[in-house]
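Chemist: Have a look at this one.
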Amino acid sequence: MLLVAENIHKTYTTADGPFEVLRGVDLRLDKGETLALTGESGSGKSTLLHLIGGLDTPDQGTISLDGKDIATLDDNGRAALRRGTVGVVFQQFNLIPSLKVADNIAFQARLADAHDPDWTGHLVTEMGLNDHLNKYPEQLSGGQQQRVAIARTLAPRPRLVLADEPTGNLDEDTAAIVMDLMLELVAASGAGLLMVTHSQALAARLSRRLHLKAGQII
């Protein structure tokens, strides 16, 4: 099993007092499996994704990736995890504006000391970005920027890809194209995919789906 999250709890302090976002969530994902996590806004989807990605730590419970409890890692350990083992695709593209497309794509892999020119070239070709490598992000459309972001995430060949509403800023037709490419390339990389989405149509394209409501899987 690639990912095992057990009894995950997370509470935030608000002006109105403690707010328990996650209340005992269990989740499993195998290598090569694709899983959609659906739910209303505020149900805890993004919080769970951030915990699995090492962007935050749970108050209670364990999150194991390849048998290692990532919830016990320190800041440096979680940063190393995000550089190579776990890749994250956000709704906001989060590209580096001062870097050209080619350097944005290679950035994550170079940090992880996992740059593979052949694999990167394959990603660039499949994403249709060969003619845009010398451009800056601001010169690209939203769909093109998200393709760059996905290629950057996959360049280090992460074991697990987390996607938080990856097509949320795109129109319907562009979203469908980008989703096709992402699923194809995630499969080619052999990674597992956990995707947060509001779209039932997108969720239906993944191999399995879970629904989160009021901090619990139902």
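Residues are named by chain letter and number: chains run A, B, ... in the order of the structure tokens, numbers start at 1 in each chain, and ligands are numbered from 1 in the order shown.
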Skip Leu95 (chain A) itself and residues of its chain fewer than 2 positions away, then list as a PDB file with C-alpha atoms, in the first residue's frame all residues within 7 Å of it, counting only C-alpha atoms.
Modeler:
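Wrote it out as around.pdb, contents follow:
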ATOM      1  CA  PHE A  93      -0.332  27.417 -10.911  1.00  0.00           C
ATOM      2  CA  PRO A  97       7.508  34.296 -12.848  1.00  0.00           C
ATOM      3  CA  ASN A 104      10.103  26.056 -14.271  1.00  0.00           C
ATOM      4  CA  PRO A 137       4.653  32.173 -17.420  1.00  0.00           C
ATOM      5  CA  ALA A 149       2.754  23.101 -13.425  1.00  0.00           C
TER       6      ALA A 149
END
Chemist: Please report, as a list in words, each residue of region 27-70 of chain A to which DSSP assigns alpha helix (DSSP H) when run on this structure's backbone.
Modeler: Lys45, Ser46, Thr47, Leu48, Leu49, His50, Leu51 and Ile52 of chain A
Chemist: Enumerate, in order of chain and increasing residue number, the residues of region 73-127 of chain A with an atom no farther than 12 Å from region 34-49 of chain A, each with its shortest atom pair and distance in Å to one decimal, counting only C-alpha atoms, as a tab-separated table.
Modeler:
residue	atom	partner	partner_atom	distance
A:Val86	CA	A:Leu49	CA	11.1
A:Gly87	CA	A:Leu49	CA	11.3
A:Val88	CA	A:Leu49	CA	9.1
A:Val89	CA	A:Leu49	CA	10.7
A:Phe90	CA	A:Ser46	CA	10.1
A:Gln91	CA	A:Ser46	CA	11.0
Chemist: Output N, CA and C atoms for every residue in that selection, as a PDB file, in the first residue's frame.
Modeler:
ATOM      1  N   VAL A  86       6.609  13.215  -3.015  1.00  0.00           N
ATOM      2  CA  VAL A  86       5.232  13.674  -3.192  1.00  0.00           C
ATOM      3  C   VAL A  86       5.235  14.923  -4.069  1.00  0.00           C
ATOM      4  N   GLY A  87       4.421  14.901  -5.117  1.00  0.00           N
ATOM      5  CA  GLY A  87       4.258  16.070  -5.975  1.00  0.00           C
ATOM      6  C   GLY A  87       2.873  16.652  -5.797  1.00  0.00           C
ATOM      7  N   VAL A  88       2.782  17.975  -5.784  1.00  0.00           N
ATOM      8  CA  VAL A  88       1.504  18.637  -5.548  1.00  0.00           C
ATOM      9  C   VAL A  88       1.172  19.567  -6.714  1.00  0.00           C
ATOM     10  N   VAL A  89      -0.057  19.441  -7.234  1.00  0.00           N
ATOM     11  CA  VAL A  89      -0.575  20.339  -8.267  1.00  0.00           C
ATOM     12  C   VAL A  89      -1.703  21.147  -7.643  1.00  0.00           C
ATOM     13  N   PHE A  90      -1.553  22.468  -7.634  1.00  0.00           N
ATOM     14  CA  PHE A  90      -2.550  23.333  -7.029  1.00  0.00           C
ATOM     15  C   PHE A  90      -3.457  23.954  -8.096  1.00  0.00           C
ATOM     16  N   GLN A  91      -4.595  24.483  -7.645  1.00  0.00           N
ATOM     17  CA  GLN A  91      -5.481  25.227  -8.533  1.00  0.00           C
ATOM     18  C   GLN A  91      -4.771  26.476  -9.059  1.00  0.00           C
TER      19      GLN A  91
END
Chemist: Do you have the CA of Lys10 (chain A)-CA of Thr57 (chain A) distance handy?
Modeler: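 Answer for the CA of Lys10 (chain A) to CA of Thr57 (chain A) separation: 8.2 Å.
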Chemist: Could you list, as an MDAnalysis selection string, every residue within 12 Å of Glu138 (chain A), counting only C-alpha atoms and ignoring same-chain residues fewer than 5 positions away?
Modeler: chainID A and resid 93:101 132 143:145
Chemist: Looking at A:Thr14, A:Val21, A:Ile177, A:Phe107, which one is nearest to Gly128 (chain A), with distances taken over only C-alpha atoms?
Modeler: A:Ile177
Chemist: Could you name the residues that touch Gly54 (chain A) at 9 Å or less, counting only C-alpha atoms, but leaving out those on the same chain fewer than 2 positions away, as a VMD selection string?
Modeler: chain A and resid 49 to 52 56 to 57 70 to 71 73 75 77 to 79 81 to 82 86
Chemist: If DSSP is run on the backbone, what residues of region 11-213 of chain A are strand (DSSP E)? A reply as an NGL selection string would be ideal.
Modeler: :A and (11-14 or 17-29 or 34-38 or 60-65 or 68-69 or 86-89 or 160-164 or 192-196 or 208-213)
Chemist: Take the residues that were just selected and, keeping C-alpha atoms, output them as a compact mmCIF listing (two decimals), in the first residue's frame.
Modeler:
# COMPACT_ATOMS: atom_id res chain seq x y z
CA THR A 11 -8.52 21.33 14.69
CA TYR A 12 -7.96 25.02 14.01
CA THR A 13 -8.44 27.92 16.39
CA THR A 14 -10.95 30.49 15.13
CA GLY A 17 -13.35 28.92 19.25
CA PRO A 18 -11.84 25.56 18.15
CA PHE A 19 -13.06 24.20 14.80
CA GLU A 20 -12.48 20.49 14.18
CA VAL A 21 -11.91 20.24 10.42
CA LEU A 22 -11.07 16.52 10.29
CA ARG A 23 -12.65 14.02 12.68
CA GLY A 24 -11.07 10.60 12.39
CA VAL A 25 -10.44 10.23 8.65
CA ASP A 26 -9.12 6.94 7.24
CA LEU A 27 -7.83 6.70 3.67
CA ARG A 28 -5.78 4.22 1.63
CA LEU A 29 -4.22 4.49 -1.81
CA THR A 34 -6.28 7.13 -8.81
CA LEU A 35 -8.63 8.39 -6.10
CA ALA A 36 -11.02 11.37 -6.18
CA LEU A 37 -11.88 13.11 -2.92
CA THR A 38 -15.14 15.04 -3.17
CA GLN A 60 -3.86 12.96 15.96
CA GLY A 61 -3.44 9.93 13.71
CA THR A 62 -0.79 8.55 11.36
CA ILE A 63 -0.01 9.18 7.69
CA SER A 64 2.26 6.52 6.22
CA LEU A 65 3.88 6.74 2.80
CA LYS A 68 7.09 5.73 6.81
CA ASP A 69 4.98 7.92 9.13
CA VAL A 86 5.23 13.67 -3.19
CA GLY A 87 4.26 16.07 -5.97
CA VAL A 88 1.50 18.64 -5.55
CA VAL A 89 -0.57 20.34 -8.27
CA LEU A 160 2.41 10.13 -5.02
CA VAL A 161 0.74 13.02 -6.86
CA LEU A 162 -1.69 15.25 -4.95
CA ALA A 163 -3.93 17.52 -7.01
CA ASP A 164 -6.10 20.21 -5.39
CA GLY A 192 -0.62 7.12 -7.29
CA LEU A 193 -2.96 10.09 -7.67
CA LEU A 194 -5.18 11.67 -5.02
CA MET A 195 -7.28 14.50 -6.44
CA VAL A 196 -9.58 16.92 -4.65
CA ARG A 208 -12.14 5.24 -7.02
CA ARG A 209 -13.90 8.02 -5.13
CA LEU A 210 -14.46 9.00 -1.50
CA HIS A 211 -16.78 11.70 -0.17
CA LEU A 212 -15.85 13.91 2.77
CA LYS A 213 -18.60 15.55 4.80
Chemist: What does the distance from CA of Ala102 (chain A) to CA of Glu184 (chain A) come to in Å, to one decimal?
Modeler: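 Distance reported for this atom pair: 20.8 Å.
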Chemist: Which residues are close to Thr167 (chain A), i.e. within 9 Å by only C-alpha atoms, leaving aside same-chain residues fewer than 6 positions away? Reply as a ChimeraX atom specification.
Modeler: /A:90-91,143,146,174-176,178-179,197
Chemist: Keeping only N, CA and C atoms, write those residues as a short mmCIF file (atom, residue, chain, number, x, y, z; two decimals), in the first residue's frame.
Modeler:
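Resulting contents of again.cif:
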data_model
loop_
_atom_site.label_atom_id
_atom_site.label_comp_id
_atom_site.auth_asym_id
_atom_site.auth_seq_id
_atom_site.Cartn_x
_atom_site.Cartn_y
_atom_site.Cartn_z
N PHE A 90 -1.55 22.47 -7.63
CA PHE A 90 -2.55 23.33 -7.03
C PHE A 90 -3.46 23.95 -8.10
N GLN A 91 -4.59 24.48 -7.64
CA GLN A 91 -5.48 25.23 -8.53
C GLN A 91 -4.77 26.48 -9.06
N GLY A 143 -4.44 27.51 -19.38
CA GLY A 143 -4.29 26.09 -19.64
C GLY A 143 -2.85 25.69 -19.85
N GLN A 146 -1.04 25.65 -16.50
CA GLN A 146 -1.31 24.45 -15.70
C GLN A 146 -0.59 23.24 -16.27
N THR A 174 -10.86 23.33 -21.88
CA THR A 174 -9.43 23.28 -21.53
C THR A 174 -9.21 22.34 -20.36
N ALA A 175 -10.13 22.35 -19.39
CA ALA A 175 -10.02 21.47 -18.23
C ALA A 175 -10.01 20.00 -18.66
N ALA A 176 -10.86 19.66 -19.62
CA ALA A 176 -10.94 18.27 -20.09
C ALA A 176 -9.63 17.85 -20.75
N VAL A 178 -6.57 19.19 -20.25
CA VAL A 178 -5.51 19.13 -19.24
C VAL A 178 -5.67 17.88 -18.38
N MET A 179 -6.91 17.53 -18.05
CA MET A 179 -7.16 16.34 -17.25
C MET A 179 -6.73 15.08 -18.00
N THR A 197 -11.64 17.43 -5.86
CA THR A 197 -12.41 18.09 -6.90
C THR A 197 -13.86 18.27 -6.47
#
Chemist: Quick one: of A:Glu165, A:Arg159, A:Leu185, A:Gly142, who's nearest to Val124 (chain A), counting only C-alpha atoms?
Modeler: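 With only C-alpha atoms as the atom set, the closest residue is A:Leu185.
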Chemist: Here is a test: counting only C-alpha atoms, which residue of A:Arg205, A:Arg147, A:His115, A:Arg157 is nearest to Ser189 (chain A)?
Modeler: A:Arg157
Chemist: Of the candidates A:Val4, A:Leu140, A:Ala106, A:Leu129, which one gets nearest to Leu154 (chain A) if we count only C-alpha atoms?
Modeler: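 Comparing A:Val4, A:Leu140, A:Ala106, A:Leu129 against Leu154 (chain A), the winner is A:Ala106.
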